[in-house]
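Participant: Quick one: structure below, then a few questions.
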Amino acid sequence: MSFICIFTGKDSILEESIESIIDIGEETGLKFEILIMNNTYYGINPQAVQDIKKFNGELKIIQSAGMIRGAAKNEAFKNSNGSYIVLFNHEKVYEIAYADLLYSFVRQREKRMLFSELIVIPREIVEENMGWKNLRVSEDLEFFTRIAKNNGILFYPTEGRRTMDMFIQYKPSQLQAKREYKRLSSVKKISMLRDLTVGCNYSFKDLFILGDMRKRSKLSERLLIISAYFSSRTRDPKVVKQDKNNYVLFMEAMFESIILGEYKRFDFFQKPLRISITEDENKYLAARSEIWAKVRPSIKPFVDNNL
């Protein structure tokens with residue numbers, strides 16, 4: 001197994017996070033390595049990893065300043081050796097219980113992806129789908145949707161909203177709330193928003209709704225989103241015309257997996273499956289997904305907020 005993370009520049013709990021991954025890897029009894037891809041312009045504080053280097057497995061820190069996230073994940077993949085790629089977030093400390101979920105998924109030799117607090121993807125699936133697109137944001141949503149269509153995804157999120165937000169960026173507001181985004185120039189903000197548009201494969205109507213355009217009184221904010229939309233139609237990689245956007249396709253794949261009861265393969269796992277649907281998402285899915293009304297009653301027991 002190859003545990004991979006993209007370093008975001010925050011190392012406050014990096015050591016604790018990596019140590020939790022080491023504990024999980026060792027608990028599975030499977031051979032594993034850890035790769036930290038640092039695409040920031042700052043080196044990782046040596047004190048943040050000095051104790052980590054003492055563990056018996058292999059820890060690789062790959063420095064590639066300025067590399068876009070999608071390209072960084074492909075580079076980390078090229079430097080990995082594991083039969084399974086396990087994506088994790090270095091800003092989270094993971095419970096040892098996830099070792100059971102990971103081990104069981106690997107032992108079942110699934111030829112698809114596991115979406116949970118740890119993302120587990122068989123190596124051949126990454127290769128078959130030609131990896132991540134060169135996007136700054138929403139690279140996971142775009143890639144995971146391709147996997148959902150070509151190979152399938154087994155869903156077992158246990159922390160609801162937090163699990164989704166950790167890997168799935170689908171709304172402009174998720175970017176706009178970040179301090180790093182607010183410091184960017186207008187040109188770089190447009191680049192971020194256009195990559196989100198491409199990664200989610202949005203039409204202008206999608207952007208208008210999910211970008212809360214009605215609530216945005218500032219003309220400058222509206223112009224950024226409009227500029228990002230037109231850029232997504234003229235520069236590579238571009239939006240691909242299809243009936244449903246990637247966010248809707250991904251959510252439908254999750255609902256179908258849950259309704260089919262695929263989570264029951266992990267009955268031994270003590271953490272209950274949980275998902276989150278906000279009121280805005282509920283309205284959006286009702287308008288954009290014909291299966292939403294049908295599956296809504298069935299998934300209600302797993303939702304940790306009111307539908």
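All residue names refer to the structure tokens as shown: chains lettered A, B, ... in order, residues numbered from 1 in each chain, ligands numbered from 1 in order.
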Check which residues of stretch 60-145 of chain A sit at most 8 Å from stretch 161-170 of chain A using only C-alpha atoms, and return one row each with the closest pair of atoms and their distance in Å to one decimal, ordered by chain and rising number, as JSON lines.

Facilitator:
```
{"residue": "A:Asn89", "atom": "CA", "partner": "A:Met166", "partner_atom": "CA", "distance": 7.4}
{"residue": "A:Ser116", "atom": "CA", "partner": "A:Thr163", "partner_atom": "CA", "distance": 6.9}
{"residue": "A:Glu117", "atom": "CA", "partner": "A:Thr163", "partner_atom": "CA", "distance": 5.8}
{"residue": "A:Val137", "atom": "CA", "partner": "A:Gln169", "partner_atom": "CA", "distance": 7.0}
{"residue": "A:Ser138", "atom": "CA", "partner": "A:Gln169", "partner_atom": "CA", "distance": 5.2}
{"residue": "A:Asp140", "atom": "CA", "partner": "A:Phe167", "partner_atom": "CA", "distance": 6.5}
{"residue": "A:Leu141", "atom": "CA", "partner": "A:Ile168", "partner_atom": "CA", "distance": 5.6}
```

Participant: Emit the selected residues as a PDB file, in the first residue's frame, including N, CA and C atoms.

Facilitator:
```
ATOM      1  N   ASN A  89      -5.494  12.931   4.418  1.00  0.00           N
ATOM      2  CA  ASN A  89      -5.339  14.359   4.668  1.00  0.00           C
ATOM      3  C   ASN A  89      -4.424  14.544   5.868  1.00  0.00           C
ATOM      4  N   SER A 116     -14.079   6.692   1.753  1.00  0.00           N
ATOM      5  CA  SER A 116     -14.333   6.831   3.178  1.00  0.00           C
ATOM      6  C   SER A 116     -13.382   7.911   3.685  1.00  0.00           C
ATOM      7  N   GLU A 117     -13.076   7.902   4.984  1.00  0.00           N
ATOM      8  CA  GLU A 117     -12.120   8.877   5.503  1.00  0.00           C
ATOM      9  C   GLU A 117     -10.741   8.665   4.876  1.00  0.00           C
ATOM     10  N   VAL A 137      -7.902  22.670  -8.245  1.00  0.00           N
ATOM     11  CA  VAL A 137      -8.931  22.247  -7.292  1.00  0.00           C
ATOM     12  C   VAL A 137      -9.907  21.317  -8.015  1.00  0.00           C
ATOM     13  N   SER A 138     -10.706  20.591  -7.254  1.00  0.00           N
ATOM     14  CA  SER A 138     -11.726  19.680  -7.789  1.00  0.00           C
ATOM     15  C   SER A 138     -11.134  18.567  -8.642  1.00  0.00           C
ATOM     16  N   ASP A 140      -9.973  15.817  -7.516  1.00  0.00           N
ATOM     17  CA  ASP A 140     -10.477  14.538  -6.990  1.00  0.00           C
ATOM     18  C   ASP A 140     -11.890  14.254  -7.486  1.00  0.00           C
ATOM     19  N   LEU A 141     -12.770  15.241  -7.434  1.00  0.00           N
ATOM     20  CA  LEU A 141     -14.144  15.033  -7.884  1.00  0.00           C
ATOM     21  C   LEU A 141     -14.159  14.600  -9.350  1.00  0.00           C
TER      22      LEU A 141
END
```

Participant: Dump as JSON lines the rows for residues of stretch 32-147 of chain A within 12 Å of stretch 259-263 of chain A: closest atom pair and distance in Å with one decimal, only C-alpha atoms counted, ordered by chain and rising residue number.

Facilitator:
```
{"residue": "A:Leu101", "atom": "CA", "partner": "A:Tyr263", "partner_atom": "CA", "distance": 10.4}
{"residue": "A:Ser104", "atom": "CA", "partner": "A:Tyr263", "partner_atom": "CA", "distance": 11.7}
{"residue": "A:Phe105", "atom": "CA", "partner": "A:Tyr263", "partner_atom": "CA", "distance": 10.8}
{"residue": "A:Glu110", "atom": "CA", "partner": "A:Glu262", "partner_atom": "CA", "distance": 11.8}
{"residue": "A:Leu114", "atom": "CA", "partner": "A:Tyr263", "partner_atom": "CA", "distance": 10.3}
{"residue": "A:Phe115", "atom": "CA", "partner": "A:Tyr263", "partner_atom": "CA", "distance": 10.9}
{"residue": "A:Ser116", "atom": "CA", "partner": "A:Tyr263", "partner_atom": "CA", "distance": 10.8}
```

Participant: Using only C-alpha atoms, which protein or nucleic acid residues come within 9 Å of A:Val93? Drop anything in the same chain fewer than 6 positions from it, and give the result as a ChimeraX atom specification.

Facilitator: /A:13-14,16-21

Participant: For A:Ser64, please output as a list in words all residues within 8 Å (counting only C-alpha atoms; exclusion window: fewer than 3 positions along the same chain).

Facilitator: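 Skipping anything fewer than 3 positions along the chain leaves Met37, Asn38, Asn39, Thr40, Met67 and Ala72 of chain A.
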
Participant: Suppose you want the space between atom CA of A:Asn74 and atom CA of A:Ser232; what is it in Å?

Facilitator: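 One can read the atom CA of A:Asn74 to atom CA of A:Ser232 distance as 21.8 Å.
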
Participant: From the options A:Tyr84, A:Glu279, A:Gly43, A:Asn201, which residue's atoms come nearest to A:Lys238, counting only C-alpha atoms?

Facilitator: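 Comparing A:Tyr84, A:Glu279, A:Gly43, A:Asn201 against A:Lys238, the winner is A:Asn201.
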
Participant: Skipping near chain neighbours, those fewer than 5 positions away, what residues fall within 8 Å of A:Phe302 using only C-alpha atoms, listed as a ChimeraX atom specification?

Facilitator: /A:273-275

Participant: Could you turn the residues from that selection into a file that holds N, CA and C atoms, as a PDB file, in the first residue's frame?

Facilitator:
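Just written: again36.pdb:
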```pdb
ATOM      1  N   LEU A 273     -22.111   4.284   9.093  1.00  0.00           N
ATOM      2  CA  LEU A 273     -22.043   5.074   7.871  1.00  0.00           C
ATOM      3  C   LEU A 273     -22.902   6.325   8.042  1.00  0.00           C
ATOM      4  N   ARG A 274     -22.312   7.493   7.702  1.00  0.00           N
ATOM      5  CA  ARG A 274     -23.050   8.747   7.817  1.00  0.00           C
ATOM      6  C   ARG A 274     -22.798   9.609   6.595  1.00  0.00           C
ATOM      7  N   ILE A 275     -23.827  10.286   6.113  1.00  0.00           N
ATOM      8  CA  ILE A 275     -23.670  11.257   5.032  1.00  0.00           C
ATOM      9  C   ILE A 275     -24.359  12.553   5.446  1.00  0.00           C
TER      10      ILE A 275
END
```

Participant: Atom CA of A:Phe268 and atom CA of A:Tyr156 are how many Å apart?

Facilitator: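 Atom CA of A:Tyr156 lies at a distance of 12.9 Å from atom CA of A:Phe268.
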
Participant: Can you pull out every residue from stretch 124-263 of chain A that DSSP, working from the backbone, puts in alpha helix (DSSP H), and format the result as a PDB file with C-alpha atoms, in the first residue's frame?

Facilitator:
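Written file, selection10.pdb:
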```pdb
ATOM      1  CA  GLU A 124      -4.571  -0.586 -11.980  1.00  0.00           C
ATOM      2  CA  ILE A 125      -7.645   1.641 -11.706  1.00  0.00           C
ATOM      3  CA  VAL A 126      -5.463   4.761 -11.456  1.00  0.00           C
ATOM      4  CA  GLU A 127      -3.572   3.570 -14.536  1.00  0.00           C
ATOM      5  CA  GLU A 128      -6.687   2.614 -16.520  1.00  0.00           C
ATOM      6  CA  GLU A 139      -9.183  17.285  -9.289  1.00  0.00           C
ATOM      7  CA  ASP A 140     -10.477  14.538  -6.990  1.00  0.00           C
ATOM      8  CA  LEU A 141     -14.144  15.033  -7.884  1.00  0.00           C
ATOM      9  CA  GLU A 142     -13.305  14.891 -11.606  1.00  0.00           C
ATOM     10  CA  PHE A 143     -11.129  11.787 -11.198  1.00  0.00           C
ATOM     11  CA  PHE A 144     -13.480   9.991  -8.812  1.00  0.00           C
ATOM     12  CA  THR A 145     -16.420  10.559 -11.186  1.00  0.00           C
ATOM     13  CA  ARG A 146     -14.484   8.924 -14.015  1.00  0.00           C
ATOM     14  CA  ILE A 147     -13.754   5.991 -11.713  1.00  0.00           C
ATOM     15  CA  ALA A 148     -17.430   5.810 -10.732  1.00  0.00           C
ATOM     16  CA  LYS A 149     -18.452   5.526 -14.393  1.00  0.00           C
ATOM     17  CA  ASN A 150     -15.710   3.101 -15.448  1.00  0.00           C
ATOM     18  CA  ARG A 161     -20.011  16.550   5.969  1.00  0.00           C
ATOM     19  CA  ARG A 162     -16.384  16.468   7.047  1.00  0.00           C
ATOM     20  CA  THR A 163     -15.648  13.423   4.886  1.00  0.00           C
ATOM     21  CA  MET A 164     -17.202  15.024   1.810  1.00  0.00           C
ATOM     22  CA  ASP A 165     -15.499  18.393   2.258  1.00  0.00           C
ATOM     23  CA  MET A 166     -12.130  16.739   2.808  1.00  0.00           C
ATOM     24  CA  PHE A 167     -11.963  15.503  -0.783  1.00  0.00           C
ATOM     25  CA  PRO A 172     -17.131  28.344  -5.186  1.00  0.00           C
ATOM     26  CA  SER A 173     -17.870  29.217  -1.552  1.00  0.00           C
ATOM     27  CA  GLN A 174     -15.579  26.380  -0.412  1.00  0.00           C
ATOM     28  CA  LEU A 175     -12.698  28.246  -2.033  1.00  0.00           C
ATOM     29  CA  GLN A 176     -13.833  31.761  -1.230  1.00  0.00           C
ATOM     30  CA  ARG A 179      -7.707  32.648   3.761  1.00  0.00           C
ATOM     31  CA  GLU A 180      -5.302  31.528   1.041  1.00  0.00           C
ATOM     32  CA  TYR A 181      -7.862  32.307  -1.666  1.00  0.00           C
ATOM     33  CA  LYS A 182      -8.582  35.770  -0.313  1.00  0.00           C
ATOM     34  CA  SER A 186      -7.941  38.403  -9.364  1.00  0.00           C
ATOM     35  CA  VAL A 187      -6.167  36.488 -12.134  1.00  0.00           C
ATOM     36  CA  LYS A 188      -5.269  33.620  -9.787  1.00  0.00           C
ATOM     37  CA  LYS A 189      -8.763  33.597  -8.296  1.00  0.00           C
ATOM     38  CA  ILE A 190     -10.193  33.166 -11.793  1.00  0.00           C
ATOM     39  CA  SER A 191      -7.747  30.286 -12.404  1.00  0.00           C
ATOM     40  CA  MET A 192      -8.931  28.553  -9.243  1.00  0.00           C
ATOM     41  CA  LEU A 193     -12.602  29.053 -10.080  1.00  0.00           C
ATOM     42  CA  ARG A 194     -12.145  27.905 -13.699  1.00  0.00           C
ATOM     43  CA  ASP A 195     -10.469  24.698 -12.496  1.00  0.00           C
ATOM     44  CA  LEU A 196     -13.378  24.099 -10.136  1.00  0.00           C
ATOM     45  CA  THR A 197     -15.744  24.640 -13.082  1.00  0.00           C
ATOM     46  CA  VAL A 198     -13.806  22.133 -15.219  1.00  0.00           C
ATOM     47  CA  GLY A 199     -13.408  19.608 -12.396  1.00  0.00           C
ATOM     48  CA  CYS A 200     -17.133  19.706 -11.673  1.00  0.00           C
ATOM     49  CA  PHE A 204     -23.248  28.448 -16.336  1.00  0.00           C
ATOM     50  CA  LYS A 205     -26.601  27.650 -14.703  1.00  0.00           C
ATOM     51  CA  ASP A 206     -24.845  25.277 -12.280  1.00  0.00           C
ATOM     52  CA  LEU A 207     -22.317  27.963 -11.412  1.00  0.00           C
ATOM     53  CA  PHE A 208     -25.057  30.548 -11.004  1.00  0.00           C
ATOM     54  CA  ILE A 209     -26.918  28.362  -8.488  1.00  0.00           C
ATOM     55  CA  LEU A 210     -23.969  26.844  -6.589  1.00  0.00           C
ATOM     56  CA  LEU A 219     -20.095  43.049  -8.988  1.00  0.00           C
ATOM     57  CA  SER A 220     -16.428  42.038  -8.667  1.00  0.00           C
ATOM     58  CA  GLU A 221     -17.376  38.616  -7.226  1.00  0.00           C
ATOM     59  CA  ARG A 222     -19.868  37.980 -10.009  1.00  0.00           C
ATOM     60  CA  LEU A 223     -17.335  38.969 -12.649  1.00  0.00           C
ATOM     61  CA  LEU A 224     -14.797  36.504 -11.261  1.00  0.00           C
ATOM     62  CA  ILE A 225     -17.219  33.607 -11.616  1.00  0.00           C
ATOM     63  CA  ILE A 226     -18.355  34.728 -15.079  1.00  0.00           C
ATOM     64  CA  SER A 227     -14.721  35.056 -16.204  1.00  0.00           C
ATOM     65  CA  ALA A 228     -13.954  31.607 -14.806  1.00  0.00           C
ATOM     66  CA  TYR A 229     -16.871  30.139 -16.749  1.00  0.00           C
ATOM     67  CA  PHE A 230     -15.708  31.550 -20.092  1.00  0.00           C
ATOM     68  CA  SER A 231     -12.136  30.477 -19.381  1.00  0.00           C
ATOM     69  CA  SER A 232     -13.355  26.910 -18.790  1.00  0.00           C
ATOM     70  CA  ARG A 233     -14.744  26.923 -22.354  1.00  0.00           C
ATOM     71  CA  THR A 234     -11.669  28.305 -24.091  1.00  0.00           C
ATOM     72  CA  ASN A 246     -19.657  15.522 -12.068  1.00  0.00           C
ATOM     73  CA  TYR A 247     -21.095  16.562  -8.711  1.00  0.00           C
ATOM     74  CA  VAL A 248     -24.521  15.077  -9.555  1.00  0.00           C
ATOM     75  CA  LEU A 249     -22.965  11.904 -11.010  1.00  0.00           C
ATOM     76  CA  PHE A 250     -20.772  11.438  -7.938  1.00  0.00           C
ATOM     77  CA  MET A 251     -23.669  11.916  -5.526  1.00  0.00           C
ATOM     78  CA  GLU A 252     -25.854   9.495  -7.482  1.00  0.00           C
ATOM     79  CA  ALA A 253     -23.081   6.901  -7.356  1.00  0.00           C
ATOM     80  CA  MET A 254     -22.968   7.317  -3.575  1.00  0.00           C
ATOM     81  CA  PHE A 255     -26.735   6.938  -3.184  1.00  0.00           C
ATOM     82  CA  GLU A 256     -26.810   3.821  -5.369  1.00  0.00           C
ATOM     83  CA  SER A 257     -23.966   2.185  -3.434  1.00  0.00           C
ATOM     84  CA  ILE A 258     -25.737   2.823  -0.130  1.00  0.00           C
ATOM     85  CA  ILE A 259     -29.143   1.633  -1.354  1.00  0.00           C
TER      86      ILE A 259
END
```

Participant: With a distance cut-off of 12 Å and only C-alpha atoms, select the neighbouring residues of A:Asn81, excluding the residue or stretch itself and same-chain residues fewer than 6 positions from it, and output the selection as a PyMOL selection string.

Facilitator: chain A and resi 1-4+31-35+58+60+122-124

Participant: So, counting only C-alpha atoms, which residue among A:Leu30, A:Ile61, A:Ile44, A:Ala76 is closest to A:Tyr103?

Facilitator: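 Under the stated criterion, the closest residue is A:Leu30.
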
Participant: Which of stretch 80-289 of chain A counts as strand (DSSP E or B) under DSSP, as a PyMOL selection string please?

Facilitator: chain A and resi 84-87+113-115+119-122+153-155+275

Participant: Go ahead and save the residues from that selection, with C-alpha atoms, as a short mmCIF file (atom, residue, chain, number, x, y, z; two decimals), in the first residue's frame.

Facilitator:
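Okay, this is what ended up in out-v2.cif:
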```
data_model
loop_
_atom_site.label_atom_id
_atom_site.label_comp_id
_atom_site.auth_asym_id
_atom_site.auth_seq_id
_atom_site.Cartn_x
_atom_site.Cartn_y
_atom_site.Cartn_z
CA TYR A 84 -3.25 0.15 -3.56
CA ILE A 85 -3.12 3.94 -3.37
CA VAL A 86 -4.51 5.34 -0.12
CA LEU A 87 -5.19 9.09 -0.09
CA MET A 113 -12.53 2.53 -5.27
CA LEU A 114 -13.43 2.88 -1.58
CA PHE A 115 -14.63 6.33 -0.55
CA ILE A 119 -9.65 6.89 -0.15
CA VAL A 120 -8.44 3.49 -1.39
CA ILE A 121 -7.84 2.94 -5.12
CA PRO A 122 -6.34 -0.18 -6.71
CA ILE A 153 -17.13 3.19 -6.04
CA LEU A 154 -18.02 1.57 -2.72
CA PHE A 155 -19.04 4.29 -0.25
CA ILE A 275 -23.67 11.26 5.03
#
```

Participant: Just give me the gap between atom CA of A:Asn129 and atom CA of A:Arg112 in Å, one decimal is fine.

Facilitator: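 About the pair atom CA of A:Asn129 and atom CA of A:Arg112: they are 11.5 Å apart.
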
Participant: Determine the nearest neighbour of A:Asp23 from the options A:Asp11, A:Pro157, A:Ser276, A:Asp100, counting only C-alpha atoms.

Facilitator: A:Asp100
